[in-house]
$ cat coords11.txt   # compact mmCIF, C-alpha atoms and all ligand atoms
# COMPACT_ATOMS: atom_id res chain seq x y z
CA MET O 1 93.09 116.30 94.53
CA SER O 2 96.58 116.91 95.76
CA LEU O 3 99.13 115.51 98.17
CA SER O 4 97.81 117.59 101.04
CA GLN O 5 94.26 116.44 100.38
CA VAL O 6 95.36 112.80 100.29
CA ILE O 7 97.28 113.29 103.56
CA ALA O 8 94.21 114.84 105.16
CA ASN O 9 92.02 111.93 104.04
CA VAL O 10 94.56 109.37 105.23
CA GLU O 11 94.74 111.09 108.59
CA ILE O 12 90.99 110.69 109.08
CA ALA O 13 90.92 107.10 107.80
CA ARG O 14 93.83 105.93 109.91
CA LYS O 15 92.49 107.51 113.10
CA ASN O 16 89.25 105.65 112.50
CA VAL O 17 91.28 102.45 112.79
CA ASN O 18 93.10 103.66 115.90
CA ALA O 19 95.42 106.44 116.98
CA HIS O 20 98.49 104.24 116.58
CA HIS O 21 97.71 102.98 113.10
CA ILE O 22 100.41 104.57 110.93
CA VAL O 23 100.00 104.57 107.13
CA LYS O 24 102.81 105.17 104.69
CA ILE O 25 101.92 106.91 101.46
CA VAL O 26 103.88 105.84 98.39
CA ALA O 27 103.37 108.43 95.66
CA VAL O 28 103.08 106.51 92.40
CA SER O 29 104.96 108.69 89.94
CA LYS O 30 104.61 106.50 86.83
CA TYR O 31 102.49 109.12 85.05
CA VAL O 32 104.87 112.03 85.55
CA ASP O 33 108.44 113.16 84.97
CA SER O 34 111.16 114.10 87.42
CA HIS O 35 110.00 117.74 87.67
CA ASP O 36 106.65 116.72 89.10
CA ILE O 37 108.40 114.36 91.51
CA GLU O 38 110.64 117.24 92.66
CA ASP O 39 107.56 119.35 93.19
CA ILE O 40 105.94 116.74 95.43
CA TYR O 41 109.26 116.16 97.19
CA HIS O 42 109.29 119.84 98.17
CA GLN O 43 105.85 119.32 99.67
CA GLY O 44 107.42 116.73 101.97
CA GLN O 45 106.93 113.44 100.13
CA ARG O 46 109.85 110.98 100.22
CA ALA O 47 108.53 107.60 99.02
CA PHE O 48 107.84 107.17 95.30
CA GLY O 49 106.70 104.17 93.28
CA GLU O 50 107.36 103.16 89.69
CA ASN O 51 106.06 100.12 87.84
CA LYS O 52 108.74 99.92 85.16
CA VAL O 53 112.38 99.23 85.90
CA GLN O 54 113.52 101.56 83.14
CA ASP O 55 111.51 104.48 84.57
CA LEU O 56 112.75 103.70 88.05
CA LYS O 57 116.29 103.83 86.71
CA ASN O 58 115.87 107.06 84.75
CA LYS O 59 114.04 109.00 87.44
CA SER O 60 116.12 107.79 90.35
CA GLU O 61 119.29 108.72 88.48
CA ILE O 62 118.05 112.20 87.64
CA LEU O 63 116.94 112.72 91.23
CA ASN O 64 119.81 111.02 93.00
CA ASN O 65 120.70 114.16 94.97
CA TYR O 66 117.42 113.90 96.85
CA PRO O 67 116.93 111.52 99.76
CA LEU O 68 114.13 109.61 98.05
CA GLU O 69 112.86 106.14 98.86
CA TRP O 70 112.03 104.17 95.69
CA HIS O 71 109.45 101.41 95.45
CA HIS O 72 109.06 99.03 92.52
CA ILE O 73 105.36 98.28 92.31
CA GLY O 74 105.03 96.61 88.92
CA ARG O 75 105.30 93.14 87.61
CA ILE O 76 108.80 91.66 87.86
CA GLN O 77 110.11 90.72 84.45
CA ARG O 78 112.87 88.15 84.46
CA ASN O 79 115.05 90.06 82.05
CA LYS O 80 114.91 93.13 84.31
CA ILE O 81 115.91 91.46 87.56
CA ASN O 82 119.62 92.24 87.23
CA GLU O 83 118.89 95.91 86.65
CA LEU O 84 116.50 95.92 89.58
CA ILE O 85 119.23 94.47 91.79
CA ARG O 86 121.61 97.24 90.69
CA LEU O 87 119.01 99.89 91.51
CA ARG O 88 118.44 98.54 95.04
CA PRO O 89 114.94 99.87 95.55
CA PHE O 90 113.73 100.30 99.12
CA LEU O 91 110.96 97.75 98.51
CA VAL O 92 109.81 95.52 95.65
CA HIS O 93 106.05 95.00 95.88
CA GLY O 94 105.24 92.61 93.05
CA LEU O 95 106.80 89.26 93.82
CA ASP O 96 104.07 87.20 92.20
CA SER O 97 105.22 83.62 91.72
CA TYR O 98 107.34 80.85 93.16
CA ASP O 99 109.51 80.73 90.04
CA THR O 100 110.16 84.45 89.98
CA ALA O 101 111.09 84.34 93.65
CA HIS O 102 113.65 81.62 93.01
CA GLU O 103 115.06 83.37 89.99
CA TYR O 104 115.36 86.62 91.93
CA HIS O 105 116.95 84.82 94.85
CA LYS O 106 119.49 83.07 92.67
CA ARG O 107 120.65 86.34 91.20
CA LEU O 108 120.77 88.08 94.59
CA GLU O 109 122.98 85.27 95.80
CA ARG O 110 125.29 85.73 92.85
CA GLU O 111 125.60 89.45 93.57
CA GLY O 112 125.87 89.02 97.32
CA GLU O 113 122.81 91.23 97.78
CA THR O 114 119.48 91.07 99.56
CA GLN O 115 116.17 92.73 98.69
CA ALA O 116 113.15 93.68 100.76
CA VAL O 117 110.04 92.33 99.00
CA LEU O 118 106.30 91.85 99.34
CA LEU O 119 104.43 88.80 98.11
CA GLN O 120 101.68 89.90 95.74
CA ILE O 121 98.31 88.30 96.41
CA ASN O 122 95.59 88.05 93.80
CA SER O 123 92.95 88.78 96.40
CA ALA O 124 90.25 89.64 93.88
CA ASN O 125 90.79 86.27 92.25
CA GLU O 126 90.83 87.93 88.83
CA GLU O 127 92.44 86.01 86.01
CA THR O 128 93.92 89.15 84.54
CA LYS O 129 95.70 89.98 87.75
CA ALA O 130 99.12 88.92 88.84
CA GLY O 131 99.73 87.38 92.21
CA ILE O 132 99.44 84.31 94.34
CA GLU O 133 96.01 82.82 94.81
CA ILE O 134 94.57 83.34 98.26
CA HIS O 135 94.54 79.68 99.23
CA ASN O 136 98.23 79.31 98.36
CA ALA O 137 99.46 82.48 100.00
CA LEU O 138 100.29 81.26 103.50
CA ASN O 139 102.06 78.13 102.35
CA LEU O 140 104.08 79.90 99.73
CA TYR O 141 105.09 82.71 102.06
CA GLU O 142 106.39 80.21 104.60
CA LYS O 143 108.18 78.26 101.93
CA LEU O 144 109.90 81.34 100.52
CA LEU O 145 110.97 82.44 104.00
CA GLN O 146 112.89 79.20 104.24
CA GLU O 147 114.07 78.73 100.68
CA CYS O 148 114.94 82.29 99.70
CA PRO O 149 116.65 84.00 102.65
CA ARG O 150 118.02 86.78 100.45
CA LEU O 151 114.49 87.90 99.72
CA LYS O 152 113.59 89.79 102.86
CA LEU O 153 109.86 89.20 102.95
CA GLN O 154 108.15 92.15 104.64
CA GLY O 155 104.51 91.32 104.04
CA ILE O 156 102.03 91.35 101.19
CA MET O 157 100.75 93.58 98.42
CA THR O 158 97.44 93.41 96.67
CA ILE O 159 95.34 95.29 94.15
CA GLY O 160 91.67 95.51 95.09
CA ALA O 161 88.98 94.06 92.85
CA HIS O 162 88.60 96.08 89.67
CA THR O 163 84.89 96.78 89.89
CA ASN O 164 82.36 99.31 91.12
CA ASP O 165 80.81 96.60 93.25
CA GLU O 166 81.92 97.75 96.69
CA TYR O 167 81.08 94.36 98.18
CA LEU O 168 83.71 92.68 95.99
CA VAL O 169 86.33 95.33 96.70
CA LYS O 170 85.73 94.96 100.43
CA LYS O 171 85.90 91.21 100.15
CA SER O 172 89.31 91.34 98.45
CA PHE O 173 90.64 93.72 101.12
CA GLU O 174 89.21 91.59 103.87
CA GLU O 175 90.84 88.44 102.47
CA SER O 176 94.19 90.21 102.25
CA ALA O 177 93.91 91.51 105.80
CA LYS O 178 93.16 88.00 106.99
CA ILE O 179 96.24 86.59 105.27
CA PHE O 180 98.34 89.46 106.63
CA SER O 181 97.24 88.82 110.21
CA GLN O 182 98.17 85.16 109.83
CA LEU O 183 101.59 86.15 108.53
CA GLN O 184 102.38 88.66 111.26
CA PRO O 185 103.66 85.94 113.62
CA MET O 186 106.15 85.11 110.85
CA GLY O 187 107.40 88.68 110.76
CA ALA O 188 105.14 90.29 108.14
CA LYS O 189 104.94 94.03 108.76
CA ILE O 190 103.59 95.63 105.60
CA LEU O 191 100.12 95.38 104.11
CA SER O 192 100.36 97.30 100.84
CA MET O 193 96.85 97.90 99.50
CA GLY O 194 94.79 100.85 98.33
CA MET O 195 95.10 103.14 95.30
CA SER O 196 93.58 106.50 94.38
CA HIS O 197 90.00 105.29 94.21
CA ASP O 198 90.01 102.98 97.24
CA TYR O 199 92.77 103.91 99.67
CA GLU O 200 90.43 105.05 102.46
CA LEU O 201 88.55 101.78 102.26
CA ALA O 202 91.83 99.84 102.22
CA ILE O 203 92.99 101.65 105.37
CA SER O 204 89.75 100.76 107.10
CA PHE O 205 90.69 97.11 106.46
CA GLY O 206 94.14 97.63 107.96
CA ALA O 207 96.37 98.70 105.07
CA ASN O 208 99.51 100.38 106.42
CA LEU O 209 100.99 101.28 103.04
CA ILE O 210 99.00 102.78 100.18
CA ARG O 211 100.12 103.36 96.58
CA VAL O 212 98.52 106.54 95.32
CA GLY O 213 99.19 108.00 91.88
CA SER O 214 96.51 109.96 90.07
CA ALA O 215 94.98 111.50 93.21
CA ILE O 216 98.34 113.12 93.95
CA PHE O 217 99.68 113.91 90.50
CA HIS O 218 96.68 114.68 88.33
CA SER O 219 95.79 117.82 90.21
CA HIS O 220 97.89 120.29 88.27
C1 LIG A 1 99.46 102.68 88.88
C2 LIG A 1 99.47 101.87 90.11
C3 LIG A 1 99.03 102.39 91.32
C4 LIG A 1 98.47 103.80 91.47
O1 LIG A 1 97.26 103.91 90.80
P1 LIG A 1 96.32 105.21 90.94
O2 LIG A 1 94.97 104.72 90.65
O3 LIG A 1 96.82 106.21 89.95
O4 LIG A 1 96.45 105.70 92.33
C5 LIG A 1 99.11 101.58 92.45
N1 LIG A 1 99.57 100.32 92.38
C6 LIG A 1 100.01 99.78 91.24
C7 LIG A 1 100.51 98.37 91.24
C8 LIG A 1 99.97 100.53 90.05
O5 LIG A 1 100.39 99.97 88.91
$ encode --input "coords11.txt" --output "structure tokens"
Amino acid sequence: MSLSQVIANVEIARKNVNAHHIVKIVAVSKYVDSHDIEDIYHQGQRAFGENKVQDLKNKSEILNNYPLEWHHIGRIQRNKINELIRLRPFLVHGLDSYDTAHEYHKRLEREGETQAVLLQINSANEETKAGIEIHNALNLYEKLLQECPRLKLQGIMTIGAHTNDEYLVKKSFEESAKIFSQLQPMGAKILSMGMSHDYELAISFGANLIRVGSAIFHSH
């Protein structure tokens, strides 16, 4: 696998949805160092994702001469929020609770900043997974839109069911797509779902942002 192979696969998958369905690829660079990121950058990739604030900081500082777009895709730890605010990532994907949202918002207010975020949905309903339960998602999203104006909610993020049972994976994508369509009238634009092993399936359910790591980086 490689970036060009992933792009080719995405091109087929997105056209199967329709000609106007555009999918952004976020290259998840958590497994690699800045040299590998540079390499992929020179192949045309601009959006990169990290799941640890410290890695995001290190790599974005080393690469700050490049016009990169950084995504924070991991769990938001309270003691890392201030650092995250300083780093001003393009998008924070893992807003996964009401309390974290309020904490984040409070600190943004203090700094006079805003942050584009996605609400993470636990669409597979797995206890080990972070995120808002499906039946709470709509309510909470609406509530946060009103209560936390400095969090610029852009949509939702989810991780598909962790199983080989394709039925369950499809079900989790389908649930997320349903929530997303209900949130679109409230301004939701991004449905972040799909990783190396399931991004084509995720696109078929309407994902317009995929987070792909190993399929891009473990090829050399
Ligand atoms: C690591 C990670 C990915 C990418 O996973 P791959 O299977 O390597 O593509 C995507 N999303 C999140 C939240 C991750 O932590």
$ closest_residue --input "coords11.txt" --among "O:Glu174, O:Glu69, O:Glu50, O:Asp165" --to "ligand LIG 1 (chain A)" --atoms "all atoms listed in the file"
O:Glu50
$ atom_distance --input "coords11.txt" --atom1 "atom CA of Gln146 of chain O" --atom2 "atom CA of Asn125 of chain O"
26.1 Å
$ residues_near_ligand --input "coords11.txt" --ligand "ligand LIG 1 (chain A)" --cutoff "7 Å" --atoms "all atoms listed in the file" --output "MDAnalysis selection string"
chainID O and resid 28 30 51 73:74 159 195:197 211:215
$ closest_residue --input "coords11.txt" --among "O:Glu127, O:Arg150, O:Phe173, O:Asn139" --to "Ser204 of chain O" --atoms "all atoms listed in the file"
O:Phe173
$ closest_residue --input "coords11.txt" --among "O:Ile190, O:Ala8, O:Leu3, O:Ile179" --to "Ile40 of chain O" --atoms "all atoms listed in the file"
O:Leu3
$ closest_residue --input "coords11.txt" --among "O:Ala161, O:Glu166, O:Leu138, O:Thr100" --to "Ser181 of chain O" --atoms "only C-alpha atoms"
O:Leu138
$ axis_aligned_box --input "coords11.txt" --around "segment 47-62 of chain O" --padding-each-side "5 Å" --output "AutoDock Vina command-line options"
--center_x 112.7 --center_y 105.7 --center_z 91.1 --size_x 23.2 --size_y 23.0 --size_z 25.9
$ closest_atom_pairs --input "coords11.txt" --of "segment 13-89 of chain O" --to "segment 108-117 of chain O" --cutoff "8 Å" --atoms "all atoms listed in the file" --output "Markdown table"
| residue | atom | partner | partner_atom | distance |
| --- | --- | --- | --- | --- |
| O:Ile85 | CA | O:Leu108 | CA | 7.1 |
| O:Arg88 | CA | O:Gln115 | CA | 7.2 |
| O:Pro89 | CA | O:Gln115 | CA | 7.9 |
$ residues_around --input "coords11.txt" --residues "Ile62 of chain O" --least-positions-apart "2" --cutoff "12 Å" --atoms "only C-alpha atoms" --output "PyMOL selection string"
chain O and resi 33-35+37-38+55-60+64-66+68
$ residues_around --input "coords11.txt" --residues "Cys148 of chain O" --least-positions-apart "5" --cutoff "9 Å" --atoms "all atoms listed in the file" --output "VMD selection string"
chain O and resid 101 to 102 104 to 106 143
